[in-house]
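Here is coords_12.csv, consisting of CSV, C-alpha atoms:
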```csv
chain,number,residue,atom,x,y,z
M,1,ARG,CA,-113.6,120.2,-103.3
M,2,ARG,CA,-112.0,122.8,-105.5
M,3,SER,CA,-108.7,121.7,-107.0
M,4,SER,CA,-107.2,125.0,-105.8
M,5,ASP,CA,-108.0,124.4,-102.1
M,6,LEU,CA,-104.9,124.3,-100.0
M,7,HIS,CA,-104.9,121.3,-97.7
M,8,SER,CA,-102.8,119.4,-95.2
M,9,GLU,CA,-102.3,115.6,-95.4
M,10,LEU,CA,-102.2,115.4,-91.6
M,11,PRO,CA,-106.0,115.2,-91.0
M,12,ILE,CA,-106.3,112.7,-93.8
M,13,ASP,CA,-103.7,110.4,-92.2
M,14,ILE,CA,-105.3,110.8,-88.7
M,15,ILE,CA,-108.8,110.0,-90.0
M,16,GLN,CA,-107.4,106.9,-91.9
M,17,VAL,CA,-105.8,105.6,-88.7
M,18,LEU,CA,-109.1,106.1,-86.7
M,19,THR,CA,-111.2,104.5,-89.4
M,20,GLY,CA,-108.8,101.6,-89.7
M,21,GLN,CA,-108.9,100.9,-86.0
M,22,MET,CA,-112.7,101.1,-86.0
M,23,GLN,CA,-112.9,98.7,-89.0
M,24,GLY,CA,-110.6,96.3,-87.2
M,25,ALA,CA,-112.8,96.4,-84.1
M,26,GLU,CA,-115.9,96.0,-86.3
M,27,THR,CA,-114.6,92.7,-87.7
M,28,VAL,CA,-114.5,91.3,-84.1
M,29,SER,CA,-117.9,92.7,-83.1
M,30,PRO,CA,-120.0,95.9,-83.5
M,31,SER,CA,-120.1,96.0,-79.7
M,32,LEU,CA,-116.3,96.2,-79.5
M,33,ALA,CA,-116.3,99.0,-82.1
M,34,ASN,CA,-118.8,101.0,-80.1
M,35,GLN,CA,-116.6,100.5,-76.9
M,36,LEU,CA,-113.5,101.6,-78.8
M,37,LEU,CA,-115.0,104.8,-80.3
M,38,PRO,CA,-115.0,106.9,-77.1
M,39,LEU,CA,-111.4,106.1,-76.6
M,40,LEU,CA,-110.5,107.1,-80.1
M,41,LEU,CA,-112.5,110.3,-79.9
M,42,ALA,CA,-110.7,111.2,-76.6
M,43,LYS,CA,-107.4,110.8,-78.4
M,44,LEU,CA,-108.7,113.0,-81.2
M,45,THR,CA,-109.8,115.6,-78.7
M,46,ALA,CA,-106.4,115.7,-77.1
M,47,PHE,CA,-104.7,116.0,-80.5
M,48,LEU,CA,-106.9,118.9,-81.6
M,49,LYS,CA,-106.2,120.8,-78.4
M,50,SER,CA,-102.5,120.3,-78.9
M,51,PHE,CA,-102.8,121.3,-82.6
M,52,ARG,CA,-104.6,124.5,-81.5
M,53,GLY,CA,-101.7,125.3,-79.2
M,54,LYS,CA,-99.2,124.6,-82.0
M,55,LEU,CA,-101.0,126.9,-84.3
M,56,LYS,CA,-100.7,129.7,-81.8
M,57,GLU,CA,-97.0,129.0,-81.4
M,58,PHE,CA,-96.7,129.1,-85.2
M,59,GLN,CA,-98.4,132.5,-85.3
M,60,LYS,CA,-95.9,134.0,-82.7
M,61,GLU,CA,-92.8,132.6,-84.3
M,62,ASN,CA,-93.7,132.8,-88.1
M,63,ASN,CA,-95.9,135.8,-88.4
M,64,LYS,CA,-93.7,137.2,-91.2
M,65,HIS,CA,-93.0,133.9,-92.9
M,66,LYS,CA,-93.3,134.0,-96.7
M,67,TYR,CA,-96.0,131.3,-96.7
M,68,PHE,CA,-97.7,132.3,-93.5
M,69,LEU,CA,-101.2,132.9,-95.1
M,70,GLU,CA,-101.0,129.6,-97.1
M,71,THR,CA,-100.1,127.6,-94.0
M,72,VAL,CA,-102.9,129.1,-92.0
M,73,ILE,CA,-105.4,128.5,-94.8
M,74,ALA,CA,-104.3,124.8,-95.1
M,75,ASN,CA,-104.8,124.4,-91.3
M,76,VAL,CA,-108.2,126.1,-91.4
M,77,ASN,CA,-109.3,123.9,-94.3
M,78,SER,CA,-108.2,120.8,-92.4
M,79,CYS,CA,-111.0,121.5,-89.8
M,80,GLU,CA,-113.6,120.5,-92.4
M,81,ASN,CA,-112.0,117.0,-92.7
M,82,TYR,CA,-112.6,116.5,-89.0
M,83,ARG,CA,-116.1,117.8,-89.1
M,84,LEU,CA,-117.0,115.5,-92.0
M,85,TYR,CA,-115.5,112.6,-90.0
M,86,MET,CA,-117.6,113.4,-87.0
M,87,ALA,CA,-120.7,113.7,-89.2
M,88,SER,CA,-120.0,110.2,-90.6
M,89,LEU,CA,-120.2,108.8,-87.0
M,90,LYS,CA,-123.7,110.1,-86.3
M,91,LYS,CA,-125.3,106.7,-86.5
M,92,ARG,CA,-123.0,105.4,-83.7
M,93,PRO,CA,-123.5,106.1,-80.0
M,94,LEU,CA,-121.3,109.1,-79.5
M,95,PRO,CA,-120.2,110.4,-76.1
M,96,GLU,CA,-121.9,113.8,-75.9
M,97,GLU,CA,-119.3,115.6,-73.8
M,98,THR,CA,-116.4,114.5,-76.0
M,99,THR,CA,-118.3,115.3,-79.2
M,100,MET,CA,-119.1,118.8,-77.9
M,101,ASP,CA,-115.5,119.2,-76.9
M,102,ILE,CA,-114.3,118.3,-80.4
M,103,CYS,CA,-116.7,120.7,-82.1
M,104,ALA,CA,-115.8,123.5,-79.7
M,105,THR,CA,-112.1,123.0,-80.3
M,106,LEU,CA,-112.6,123.0,-84.1
M,107,LYS,CA,-114.6,126.2,-83.8
M,108,GLU,CA,-111.8,127.8,-81.8
M,109,ILE,CA,-109.2,126.8,-84.4
M,110,GLU,CA,-111.4,128.1,-87.2
M,111,LYS,CA,-111.9,131.4,-85.4
M,112,PHE,CA,-108.3,131.8,-84.6
M,113,GLY,CA,-107.3,131.0,-88.1
M,114,SER,CA,-109.8,133.5,-89.5
M,115,ASP,CA,-108.4,136.2,-87.2
M,116,LEU,CA,-104.9,135.5,-88.4
M,117,LEU,CA,-105.9,135.7,-92.0
M,118,LEU,CA,-107.5,139.1,-91.5
M,119,GLN,CA,-105.2,140.8,-89.0
M,120,ASP,CA,-103.0,142.5,-91.6
M,121,LEU,CA,-106.0,143.8,-93.6
M,122,PHE,CA,-107.7,145.3,-90.5
M,123,LEU,CA,-104.5,146.9,-89.4
M,124,GLU,CA,-104.0,148.4,-92.9
M,125,LEU,CA,-107.5,149.8,-93.0
M,126,LYS,CA,-107.5,151.4,-89.5
M,127,PRO,CA,-105.7,154.7,-90.5
M,128,ASN,CA,-107.9,155.0,-93.6
M,129,PHE,CA,-111.1,154.7,-91.6
M,130,LYS,CA,-109.9,157.5,-89.2
M,131,LYS,CA,-109.6,159.9,-92.1
M,132,LEU,CA,-112.7,158.7,-93.8
M,133,PHE,CA,-114.8,161.9,-93.2
M,134,GLN,CA,-113.9,165.4,-94.2
M,135,LYS,CA,-114.4,168.4,-92.0
M,136,ASN,CA,-117.8,169.0,-93.5
M,137,GLY,CA,-118.9,165.5,-92.4
M,138,LEU,CA,-119.1,164.1,-95.9
M,139,CYS,CA,-117.5,160.7,-96.8
M,140,THR,CA,-114.3,161.0,-98.7
M,141,TYR,CA,-114.8,159.0,-101.9
M,142,ALA,CA,-111.0,158.5,-102.5
M,143,THR,CA,-110.5,157.1,-99.0
M,144,MET,CA,-113.5,154.8,-99.3
M,145,SER,CA,-112.1,153.5,-102.6
M,146,ILE,CA,-108.8,152.7,-101.0
M,147,ILE,CA,-110.6,150.8,-98.3
M,148,VAL,CA,-112.6,148.8,-100.8
M,149,LYS,CA,-109.7,148.0,-103.1
M,150,ALA,CA,-107.5,147.0,-100.2
M,151,SER,CA,-110.2,144.6,-98.9
M,152,GLU,CA,-110.7,143.1,-102.4
M,153,LYS,CA,-107.0,142.6,-102.9
M,154,HIS,CA,-106.5,140.9,-99.5
M,155,VAL,CA,-109.6,138.6,-99.9
M,156,LEU,CA,-108.2,137.4,-103.2
M,157,LYS,CA,-105.2,136.0,-101.3
M,158,LEU,CA,-107.6,133.8,-99.4
M,159,LYS,CA,-109.4,132.3,-102.4
M,160,ASN,CA,-107.8,128.9,-101.6
M,161,LEU,CA,-110.0,128.6,-98.5
M,162,LYS,CA,-112.7,125.9,-98.8
M,163,PRO,CA,-116.0,127.5,-100.0
M,164,GLY,CA,-117.7,127.6,-96.5
M,165,TYR,CA,-114.7,129.2,-94.9
M,166,TYR,CA,-114.2,131.6,-97.7
M,167,GLN,CA,-117.8,132.7,-97.4
M,168,ASP,CA,-117.4,133.2,-93.7
M,169,ILE,CA,-114.3,135.4,-94.3
M,170,MET,CA,-116.2,137.5,-96.8
M,171,GLU,CA,-119.0,138.0,-94.3
M,172,THR,CA,-116.5,138.9,-91.6
M,173,VAL,CA,-114.8,141.5,-93.8
M,174,HIS,CA,-118.2,143.0,-94.9
M,175,LEU,CA,-119.3,143.3,-91.3
M,176,HIS,CA,-116.1,144.9,-90.2
M,177,LEU,CA,-116.3,147.5,-93.0
M,178,VAL,CA,-119.9,148.3,-92.0
M,179,LYS,CA,-119.1,148.6,-88.3
M,180,GLU,CA,-116.0,150.8,-88.9
M,181,PHE,CA,-118.0,153.0,-91.2
M,182,ILE,CA,-120.8,153.5,-88.7
M,183,ALA,CA,-118.3,154.0,-85.8
M,184,GLN,CA,-116.5,156.8,-87.7
M,185,LEU,CA,-119.8,158.4,-88.8
M,186,MET,CA,-121.0,158.4,-85.1
M,187,ASN,CA,-117.6,159.8,-84.0
M,188,LYS,CA,-118.0,162.6,-86.5
M,189,LYS,CA,-121.5,163.4,-85.3
M,190,VAL,CA,-120.4,163.5,-81.7
M,191,SER,CA,-117.4,165.7,-82.4
M,192,LYS,CA,-119.6,168.1,-84.3
M,193,LYS,CA,-122.3,168.1,-81.7
M,194,ILE,CA,-120.1,169.0,-78.7
M,195,PRO,CA,-119.0,172.4,-80.0
M,196,GLU,CA,-122.7,173.2,-80.8
M,197,GLU,CA,-123.7,172.3,-77.2
M,198,GLN,CA,-120.8,174.4,-75.8
M,199,LYS,CA,-122.1,177.4,-77.8
M,200,LYS,CA,-125.6,176.9,-76.3
M,201,ILE,CA,-124.2,176.8,-72.8
M,202,ALA,CA,-122.1,179.9,-73.4
```
Turn this file's structure into structure tokens for me.
Amino acid sequence: RRSSDLHSELPIDIIQVLTGQMQGAETVSPSLANQLLPLLLAKLTAFLKSFRGKLKEFQKENNKHKYFLETVIANVNSCENYRLYMASLKKRPLPEETTMDICATLKEIEKFGSDLLLQDLFLELKPNFKKLFQKNGLCTYATMSIIVKASEKHVLKLKNLKPGYYQDIMETVHLHLVKEFIAQLMNKKVSKKIPEEQKKIA
């Protein structure tokens, strides 16, 4: 883990509690530990779903908070802790439905967090994309430079994401830029084609 990664102590504490309960059951018998595991994972599932809801509440109430991005980054990073914990249990008999539920909930939290981290950037870029092409259909270099620089500046604010999440964010931004560029290019071609077709009809 990079020393600069933002993290929350909450998942660490939760995983320590779960691990401690499993170890306690293990001292009695492996069978008891295996029976206890589904109950613990059910509690973890309930917690993660509640956490997902709290994150959405936080977004609505604290969207302009000074440390909004840092808080979201820490919560996205925390998902990796839960994923590593689930991976450590692979040798045990895991309830398939609960395991899938946990993974799906983590994916939703990660996706929601990613959307929050990029929402301001995409809103900032929207008007620039609309004026990306000049009347002659050529790409405006100055506008494209603004889009690229704004993207680079915003992504730098997210450098405290854990490597995997940071890479995902980079790919999401790149895909968004490509899609918007193509969309504006196609709009330009369509708007140019319509008058030509009208002339032919006339």
Discussion item. Using all atoms listed in the file for the distances, tell me which of M:Gly24, M:Lys162, M:Ala104, M:Asn128 is nearest to M:Tyr141.
Written reply: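 Once distances to M:Tyr141 are computed over all atoms listed in the file, the minimum belongs to M:Asn128.
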Practice prompt. Extract, using all atoms listed in the file, all DNA, RNA and protein residues at most 10 Å from stretch 57-61 of chain M, discarding same-chain residues fewer than 2 positions from it, and format them as a VMD selection string.
Written response: chain M and resid 51 to 55 63 to 65 68 71 to 72 112 to 113 116
Please produce an output containing C-alpha atoms for each residue in the selection, written as a tab-separated table (two decimals), in the frame of the given file.
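The file below, part.tsv, is the result:
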```
chain	number	residue	atom	x	y	z
M	51	PHE	CA	-102.80	121.30	-82.60
M	52	ARG	CA	-104.60	124.50	-81.50
M	53	GLY	CA	-101.70	125.30	-79.20
M	54	LYS	CA	-99.20	124.60	-82.00
M	55	LEU	CA	-101.00	126.90	-84.30
M	63	ASN	CA	-95.90	135.80	-88.40
M	64	LYS	CA	-93.70	137.20	-91.20
M	65	HIS	CA	-93.00	133.90	-92.90
M	68	PHE	CA	-97.70	132.30	-93.50
M	71	THR	CA	-100.10	127.60	-94.00
M	72	VAL	CA	-102.90	129.10	-92.00
M	112	PHE	CA	-108.30	131.80	-84.60
M	113	GLY	CA	-107.30	131.00	-88.10
M	116	LEU	CA	-104.90	135.50	-88.40
```
Item to complete: Identify which of the residues M:Val17, M:Leu40, M:Val148, M:Cys139 lies closest to M:Thr98, counting only C-alpha atoms when measuring atom-to-atom distances.
Response: M:Leu40
Discussion item. Using all atoms listed in the file, can you tell me which of M:Asp168, M:Glu97, M:Glu70, M:Glu180 comes closest to M:Glu110?
Written reply: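 For M:Glu110, the nearest of the candidates is M:Asp168.
The interatomic distance for the pair atom CA of M:Gln23 and atom CA of M:Asn75 works out to 27.0 Å.
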Item to complete: Quick one: everything within 10 Å of M:Lys159, counting all atoms listed in the file, minus sequence neighbours fewer than 4 positions away in the same chain. Send it as a list in words.
Response: Ser4, Asp5, Leu6, Ile73, His154, Val155, Pro163, Tyr165, Tyr166, Gln167 and Ile169 of chain M
